Amino acid sequence: MTLPVALPHLSAIADDYDILLCDVWGVIHNGRESWPAACEALTRFNEKGGHVVLVSNSPRPSSDVISQLDSLHVPRSSWKAFVTSGDATRAELAKRAPGPAWIIGPDRDSVLYEGLGLTTVVAADEAGFLSVTGPYDDTTETPEDYRERLVPAVERGLELICANPDRIVRRGDTIIYCGGAIADLYETMGGKVVMAGKPYAPIYELALKETEALMGRPVERSRVLCIGDGVVTDVLGANQQDLDCLFVAQGIHGDAAHDAEGALDSAGAGRLLAAEGTHARYATLDLVW
């Protein structure tokens, strides 16, 4: 097992990279509040001439999520471009228009489907495919609430397009289920799942196109650092793209990478990563400059 290097401060390696592909939820906010130290670290990187591109598994287009960042007081100075799983997923949905699509998810995610020409239904019997952004009510529901409803879709061989590959996130002090958890259930039931967000290639292709536009030249991949707290999304995605990764171990994994004094336990972080067949060059508890 290769252990990640403990990294107390982003500034220690900032000169080694031109680009940060940075996760959002779990790194710079928790859905209730943003973390000023993390936002400052990204701002300082930009001020030194770097380029921060936020890469989120939000199922909504990035243009619709910017207002959420503003409401959580994430400064515009902390990022230069923003891509989401929703951006990448719209291409998959457009291929399947006009559907019909059985859409599972809260009303706030309806913007994902605008302008795609999809017709919608409310059950598997009439659907051509499923599109999932998350539970209808993520404050009360779990994936198991969907098992019986998904059986007809599996039996009909319908594809499930998942716009948010995250399994769980921490909203304040509460763990909530995301679209990826429903997609996992569907797959275990024998259904076929298609995803474009992290850890899959389409969202990284979008992000790197954004960086090329910012820099005005091709991206040197050895100068790209991915930052995130999700092992099977952020870290695995970085590994599959052969990009360096800074694992933020305190995110959704809580105390699993703490030592007795509350500092980063590199061995604990290494075990978290190795359990999913992943690795990271660096690890930290919180993103700070």
# chains A, B, ... in the order shown; residues from 1 in each chain; ligands from 1
>>> select_by_dssp(residues="segment 182-253 of chain A", states="helix (DSSP H, G or I)", output="PyMOL selection string")
chain A and resi 182-188+201-215+221-223+231-240
>>> write_last_selection(atoms="N, CA, C and O atoms", output="CSV table (one decimal), in the first residue's frame")
chain,number,residue,atom,x,y,z
A,182,ILE,N,-28.9,5.2,-5.7
A,182,ILE,CA,-30.0,4.5,-6.4
A,182,ILE,C,-29.5,3.8,-7.6
A,182,ILE,O,-29.9,2.7,-7.9
A,183,ALA,N,-28.5,4.4,-8.3
A,183,ALA,CA,-27.9,3.7,-9.4
A,183,ALA,C,-27.2,2.4,-9.0
A,183,ALA,O,-27.3,1.4,-9.7
A,184,ASP,N,-26.5,2.4,-7.9
A,184,ASP,CA,-25.9,1.2,-7.4
A,184,ASP,C,-26.9,0.1,-7.2
A,184,ASP,O,-26.7,-1.1,-7.5
A,185,LEU,N,-28.0,0.5,-6.5
A,185,LEU,CA,-29.1,-0.5,-6.3
A,185,LEU,C,-29.6,-1.1,-7.6
A,185,LEU,O,-29.8,-2.3,-7.8
A,186,TYR,N,-29.8,-0.2,-8.6
A,186,TYR,CA,-30.4,-0.6,-9.9
A,186,TYR,C,-29.4,-1.6,-10.5
A,186,TYR,O,-29.8,-2.7,-11.1
A,187,GLU,N,-28.1,-1.3,-10.4
A,187,GLU,CA,-27.1,-2.2,-11.0
A,187,GLU,C,-27.1,-3.6,-10.3
A,187,GLU,O,-27.0,-4.6,-11.0
A,188,THR,N,-27.2,-3.6,-9.0
A,188,THR,CA,-27.2,-4.9,-8.3
A,188,THR,C,-28.4,-5.7,-8.6
A,188,THR,O,-28.4,-6.9,-8.5
A,201,ALA,N,-15.1,9.6,-17.5
A,201,ALA,CA,-14.3,10.5,-18.4
A,201,ALA,C,-15.0,11.8,-18.9
A,201,ALA,O,-14.3,12.8,-18.9
A,202,PRO,N,-16.3,11.7,-19.2
A,202,PRO,CA,-16.8,12.9,-19.8
A,202,PRO,C,-16.7,14.2,-19.0
A,202,PRO,O,-16.4,15.3,-19.6
A,203,ILE,N,-16.8,14.1,-17.7
A,203,ILE,CA,-16.8,15.4,-16.9
A,203,ILE,C,-15.3,15.9,-16.9
A,203,ILE,O,-15.1,17.1,-16.9
A,204,TYR,N,-14.3,15.0,-16.9
A,204,TYR,CA,-12.9,15.5,-17.0
A,204,TYR,C,-12.6,16.1,-18.3
A,204,TYR,O,-11.9,17.0,-18.4
A,205,GLU,N,-13.2,15.5,-19.4
A,205,GLU,CA,-13.0,16.1,-20.7
A,205,GLU,C,-13.5,17.5,-20.8
A,205,GLU,O,-12.9,18.4,-21.3
A,206,LEU,N,-14.7,17.7,-20.2
A,206,LEU,CA,-15.3,19.1,-20.1
A,206,LEU,C,-14.4,20.0,-19.3
A,206,LEU,O,-14.1,21.2,-19.7
A,207,ALA,N,-13.9,19.5,-18.1
A,207,ALA,CA,-13.1,20.4,-17.3
A,207,ALA,C,-11.8,20.8,-17.9
A,207,ALA,O,-11.4,21.9,-17.8
A,208,LEU,N,-11.2,19.8,-18.6
A,208,LEU,CA,-9.9,20.1,-19.3
A,208,LEU,C,-10.1,21.1,-20.5
A,208,LEU,O,-9.2,21.9,-20.8
A,209,LYS,N,-11.2,21.0,-21.1
A,209,LYS,CA,-11.5,21.9,-22.2
A,209,LYS,C,-11.6,23.4,-21.6
A,209,LYS,O,-11.2,24.3,-22.2
A,210,GLU,N,-12.3,23.4,-20.4
A,210,GLU,CA,-12.4,24.8,-19.8
A,210,GLU,C,-11.0,25.3,-19.4
A,210,GLU,O,-10.7,26.5,-19.6
A,211,THR,N,-10.1,24.4,-19.0
A,211,THR,CA,-8.8,24.9,-18.6
A,211,THR,C,-8.0,25.4,-19.8
A,211,THR,O,-7.2,26.3,-19.8
A,212,GLU,N,-8.2,24.6,-21.0
A,212,GLU,CA,-7.5,25.1,-22.2
A,212,GLU,C,-8.0,26.4,-22.6
A,212,GLU,O,-7.2,27.3,-23.1
A,213,ALA,N,-9.3,26.7,-22.4
A,213,ALA,CA,-9.8,28.0,-22.8
A,213,ALA,C,-9.3,29.1,-21.9
A,213,ALA,O,-8.9,30.2,-22.3
A,214,LEU,N,-9.1,28.8,-20.6
A,214,LEU,CA,-8.6,29.7,-19.7
A,214,LEU,C,-7.1,30.1,-20.0
A,214,LEU,O,-6.7,31.2,-19.9
A,215,MET,N,-6.3,29.0,-20.3
A,215,MET,CA,-4.9,29.2,-20.5
A,215,MET,C,-4.5,29.6,-21.9
A,215,MET,O,-3.4,30.1,-22.1
A,221,ARG,N,-0.7,17.7,-18.5
A,221,ARG,CA,-1.4,16.9,-17.5
A,221,ARG,C,-0.6,16.7,-16.2
A,221,ARG,O,-1.2,16.6,-15.1
A,222,SER,N,0.7,16.8,-16.3
A,222,SER,CA,1.5,16.6,-15.1
A,222,SER,C,1.4,17.9,-14.2
A,222,SER,O,1.8,17.8,-13.1
A,223,ARG,N,0.8,19.0,-14.7
A,223,ARG,CA,0.6,20.2,-14.0
A,223,ARG,C,-0.8,20.4,-13.5
A,223,ARG,O,-1.2,21.5,-13.1
A,231,VAL,N,-13.7,9.0,-2.3
A,231,VAL,CA,-12.7,8.0,-2.8
A,231,VAL,C,-13.2,7.4,-4.1
A,231,VAL,O,-12.4,7.3,-5.1
A,232,VAL,N,-14.4,7.0,-4.3
A,232,VAL,CA,-14.9,6.3,-5.5
A,232,VAL,C,-15.3,7.3,-6.6
A,232,VAL,O,-15.8,6.8,-7.6
A,233,THR,N,-15.3,8.6,-6.3
A,233,THR,CA,-15.6,9.6,-7.3
A,233,THR,C,-14.3,10.4,-7.6
A,233,THR,O,-13.7,10.3,-8.7
A,234,ASP,N,-13.9,11.2,-6.7
A,234,ASP,CA,-12.8,12.2,-6.9
A,234,ASP,C,-11.5,11.4,-7.1
A,234,ASP,O,-10.7,11.7,-8.1
A,235,VAL,N,-11.2,10.6,-6.2
A,235,VAL,CA,-9.8,9.9,-6.2
A,235,VAL,C,-9.8,8.9,-7.4
A,235,VAL,O,-8.8,8.9,-8.1
A,236,LEU,N,-10.8,8.1,-7.5
A,236,LEU,CA,-10.8,7.1,-8.6
A,236,LEU,C,-10.8,7.8,-9.9
A,236,LEU,O,-10.1,7.4,-10.9
A,237,GLY,N,-11.6,8.9,-10.1
A,237,GLY,CA,-11.6,9.6,-11.3
A,237,GLY,C,-10.2,10.2,-11.7
A,237,GLY,O,-9.7,10.1,-12.8
A,238,ALA,N,-9.5,10.7,-10.7
A,238,ALA,CA,-8.1,11.2,-10.9
A,238,ALA,C,-7.2,10.1,-11.3
A,238,ALA,O,-6.4,10.2,-12.3
A,239,ASN,N,-7.3,8.9,-10.6
A,239,ASN,CA,-6.5,7.8,-11.0
A,239,ASN,C,-6.7,7.3,-12.4
A,239,ASN,O,-5.8,7.1,-13.2
A,240,GLN,N,-8.0,7.3,-12.8
A,240,GLN,CA,-8.3,6.8,-14.2
A,240,GLN,C,-7.9,7.8,-15.2
A,240,GLN,O,-7.6,7.4,-16.4
>>> select_by_dssp(residues="segment 145-258 of chain A", states="strand (DSSP E or B)", output="list in words")
Glu159, Leu160, Ile161, Cys162, Ile168, Val169, Arg170, Arg171, Thr174, Ile175, Ile176, Tyr177, Lys192, Val193, Val194, Met195, Val224, Leu225, Cys226, Ile227, Gly228, Asp244, Cys245, Leu246, Phe247, Val248 and His258 of chain A
>>> atom_distance(atom1="atom CA of Glu144 of chain A", atom2="atom CA of Ile168 of chain A")
14.2 Å
>>> closest_residue(among="A:Cys178, A:Ala283, A:Val55, A:Ile227", to="Pro143 of chain A", atoms="only C-alpha atoms")
A:Cys178
>>> residues_around(residues="Trp35 of chain A", least_positions_apart="4", cutoff="10 Å", atoms="only C-alpha atoms", output="list in words")
Gly26, Val27, Ile28, His29, Asn30, Cys39, Glu40, Leu72, His73, Val74, Asp286, Leu287 and Val288 of chain A
>>> residues_around(residues="segment 192-195 of chain A", least_positions_apart="3", cutoff="6 Å", atoms="only C-alpha atoms", output="list in words")
Glu159, Leu160, Ile161, Cys162 and Glu187 of chain A
>>> closest_residue(among="A:Arg170, A:Lys48, A:His279, A:Lys198", to="Ala88 of chain A", atoms="only C-alpha atoms")
A:Lys198
>>> closest_residue(among="A:Gly179, A:Ala101, A:Gly86, A:Met1", to="Ala275 of chain A", atoms="only C-alpha atoms")
A:Met1
>>> residues_around(residues="Ala269 of chain A", least_positions_apart="4", cutoff="9 Å", atoms="only C-alpha atoms", output="PyMOL selection string")
chain A and resi 3-4+247+249+256-258+264-265+273-274+283-284
>>> closest_residue(among="A:Gly262, A:Gly117, A:Pro152, A:Pro75", to="Lys95 of chain A", atoms="only C-alpha atoms")
A:Gly117
>>> closest_residue(among="A:Ile103, A:Val151, A:Val132, A:Val65", to="Gly180 of chain A", atoms="only C-alpha atoms")
A:Val132
>>> residues_around(residues="Ser77 of chain A", least_positions_apart="6", cutoff="10 Å", atoms="only C-alpha atoms", output="PDB file with all heavy atoms, in the first residue's frame")
ATOM      1  N   CYS A  39     -11.839  28.250   0.790  1.00  0.00           N
ATOM      2  CA  CYS A  39     -12.073  29.247  -0.257  1.00  0.00           C
ATOM      3  C   CYS A  39     -10.851  30.155  -0.408  1.00  0.00           C
ATOM      4  O   CYS A  39     -10.469  30.521  -1.528  1.00  0.00           O
ATOM      5  CB  CYS A  39     -13.310  30.075   0.073  1.00  0.00           C
ATOM      6  SG  CYS A  39     -14.861  29.137   0.040  1.00  0.00           S
ATOM      7  N   GLU A  40     -10.251  30.524   0.716  1.00  0.00           N
ATOM      8  CA  GLU A  40      -9.053  31.368   0.658  1.00  0.00           C
ATOM      9  C   GLU A  40      -7.912  30.645  -0.051  1.00  0.00           C
ATOM     10  O   GLU A  40      -7.161  31.245  -0.840  1.00  0.00           O
ATOM     11  CB  GLU A  40      -8.600  31.772   2.057  1.00  0.00           C
ATOM     12  CG  GLU A  40      -7.352  32.648   2.039  1.00  0.00           C
ATOM     13  CD  GLU A  40      -6.747  32.866   3.413  1.00  0.00           C
ATOM     14  OE1 GLU A  40      -7.174  32.201   4.377  1.00  0.00           O
ATOM     15  OE2 GLU A  40      -5.810  33.682   3.503  1.00  0.00           O
ATOM     16  N   LEU A  42      -8.049  28.439  -2.434  1.00  0.00           N
ATOM     17  CA  LEU A  42      -8.280  28.458  -3.869  1.00  0.00           C
ATOM     18  C   LEU A  42      -8.057  29.865  -4.434  1.00  0.00           C
ATOM     19  O   LEU A  42      -7.483  30.023  -5.523  1.00  0.00           O
ATOM     20  CB  LEU A  42      -9.688  27.972  -4.181  1.00  0.00           C
ATOM     21  CG  LEU A  42     -10.011  26.538  -3.752  1.00  0.00           C
ATOM     22  CD1 LEU A  42     -11.446  26.181  -4.133  1.00  0.00           C
ATOM     23  CD2 LEU A  42      -9.043  25.532  -4.360  1.00  0.00           C
ATOM     24  N   THR A  43      -8.510  30.871  -3.709  1.00  0.00           N
ATOM     25  CA  THR A  43      -8.298  32.247  -4.146  1.00  0.00           C
ATOM     26  C   THR A  43      -6.813  32.562  -4.256  1.00  0.00           C
ATOM     27  O   THR A  43      -6.358  33.166  -5.247  1.00  0.00           O
ATOM     28  CB  THR A  43      -8.967  33.229  -3.169  1.00  0.00           C
ATOM     29  OG1 THR A  43     -10.390  33.024  -3.190  1.00  0.00           O
ATOM     30  CG2 THR A  43      -8.674  34.676  -3.543  1.00  0.00           C
ATOM     31  N   ARG A  44      -6.042  32.152  -3.258  1.00  0.00           N
ATOM     32  CA  ARG A  44      -4.602  32.416  -3.272  1.00  0.00           C
ATOM     33  C   ARG A  44      -3.934  31.718  -4.457  1.00  0.00           C
ATOM     34  O   ARG A  44      -3.019  32.257  -5.078  1.00  0.00           O
ATOM     35  CB  ARG A  44      -3.972  31.976  -1.948  1.00  0.00           C
ATOM     36  CG  ARG A  44      -4.441  32.766  -0.728  1.00  0.00           C
ATOM     37  CD  ARG A  44      -3.800  34.131  -0.657  1.00  0.00           C
ATOM     38  NE  ARG A  44      -2.374  34.035  -0.386  1.00  0.00           N
ATOM     39  CZ  ARG A  44      -1.845  33.951   0.831  1.00  0.00           C
ATOM     40  NH1 ARG A  44      -2.631  33.937   1.909  1.00  0.00           N
ATOM     41  NH2 ARG A  44      -0.545  33.896   0.990  1.00  0.00           N
ATOM     42  N   PHE A  45      -4.383  30.506  -4.769  1.00  0.00           N
ATOM     43  CA  PHE A  45      -3.832  29.788  -5.923  1.00  0.00           C
ATOM     44  C   PHE A  45      -4.105  30.562  -7.215  1.00  0.00           C
ATOM     45  O   PHE A  45      -3.227  30.701  -8.075  1.00  0.00           O
ATOM     46  CB  PHE A  45      -4.422  28.384  -5.992  1.00  0.00           C
ATOM     47  CG  PHE A  45      -3.828  27.518  -7.073  1.00  0.00           C
ATOM     48  CD1 PHE A  45      -2.650  26.836  -6.861  1.00  0.00           C
ATOM     49  CD2 PHE A  45      -4.456  27.396  -8.307  1.00  0.00           C
ATOM     50  CE1 PHE A  45      -2.095  26.035  -7.858  1.00  0.00           C
ATOM     51  CE2 PHE A  45      -3.914  26.603  -9.306  1.00  0.00           C
ATOM     52  CZ  PHE A  45      -2.727  25.927  -9.087  1.00  0.00           C
ATOM     53  N   ASN A  46      -5.328  31.062  -7.358  1.00  0.00           N
ATOM     54  CA  ASN A  46      -5.659  31.867  -8.533  1.00  0.00           C
ATOM     55  C   ASN A  46      -4.821  33.133  -8.592  1.00  0.00           C
ATOM     56  O   ASN A  46      -4.351  33.540  -9.662  1.00  0.00           O
ATOM     57  CB  ASN A  46      -7.146  32.232  -8.518  1.00  0.00           C
ATOM     58  CG  ASN A  46      -8.047  31.119  -9.016  1.00  0.00           C
ATOM     59  OD1 ASN A  46      -7.628  30.280  -9.804  1.00  0.00           O
ATOM     60  ND2 ASN A  46      -9.286  31.111  -8.549  1.00  0.00           N
ATOM     61  N   GLU A  47      -4.645  33.779  -7.451  1.00  0.00           N
ATOM     62  CA  GLU A  47      -3.891  35.033  -7.412  1.00  0.00           C
ATOM     63  C   GLU A  47      -2.433  34.833  -7.805  1.00  0.00           C
ATOM     64  O   GLU A  47      -1.789  35.760  -8.308  1.00  0.00           O
ATOM     65  CB  GLU A  47      -3.980  35.652  -6.020  1.00  0.00           C
ATOM     66  CG  GLU A  47      -5.364  36.195  -5.683  1.00  0.00           C
ATOM     67  CD  GLU A  47      -5.487  36.672  -4.247  1.00  0.00           C
ATOM     68  OE1 GLU A  47      -4.591  36.354  -3.422  1.00  0.00           O
ATOM     69  OE2 GLU A  47      -6.486  37.353  -3.944  1.00  0.00           O
ATOM     70  N   VAL A  52      -8.252  27.623 -11.068  1.00  0.00           N
ATOM     71  CA  VAL A  52      -9.109  26.699 -10.334  1.00  0.00           C
ATOM     72  C   VAL A  52     -10.382  26.449 -11.130  1.00  0.00           C
ATOM     73  O   VAL A  52     -11.119  27.393 -11.455  1.00  0.00           O
ATOM     74  CB  VAL A  52      -9.474  27.236  -8.944  1.00  0.00           C
ATOM     75  CG1 VAL A  52     -10.473  26.295  -8.250  1.00  0.00           C
ATOM     76  CG2 VAL A  52      -8.227  27.404  -8.081  1.00  0.00           C
TER      77      VAL A  52
END
>>> closest_residue(among="A:Leu150, A:Arg167, A:Arg96, A:Thr142", to="Val122 of chain A", atoms="only C-alpha atoms")
A:Leu150
>>> atom_distance(atom1="atom CA of Gly197 of chain A", atom2="atom CA of Ala91 of chain A")
11.5 Å
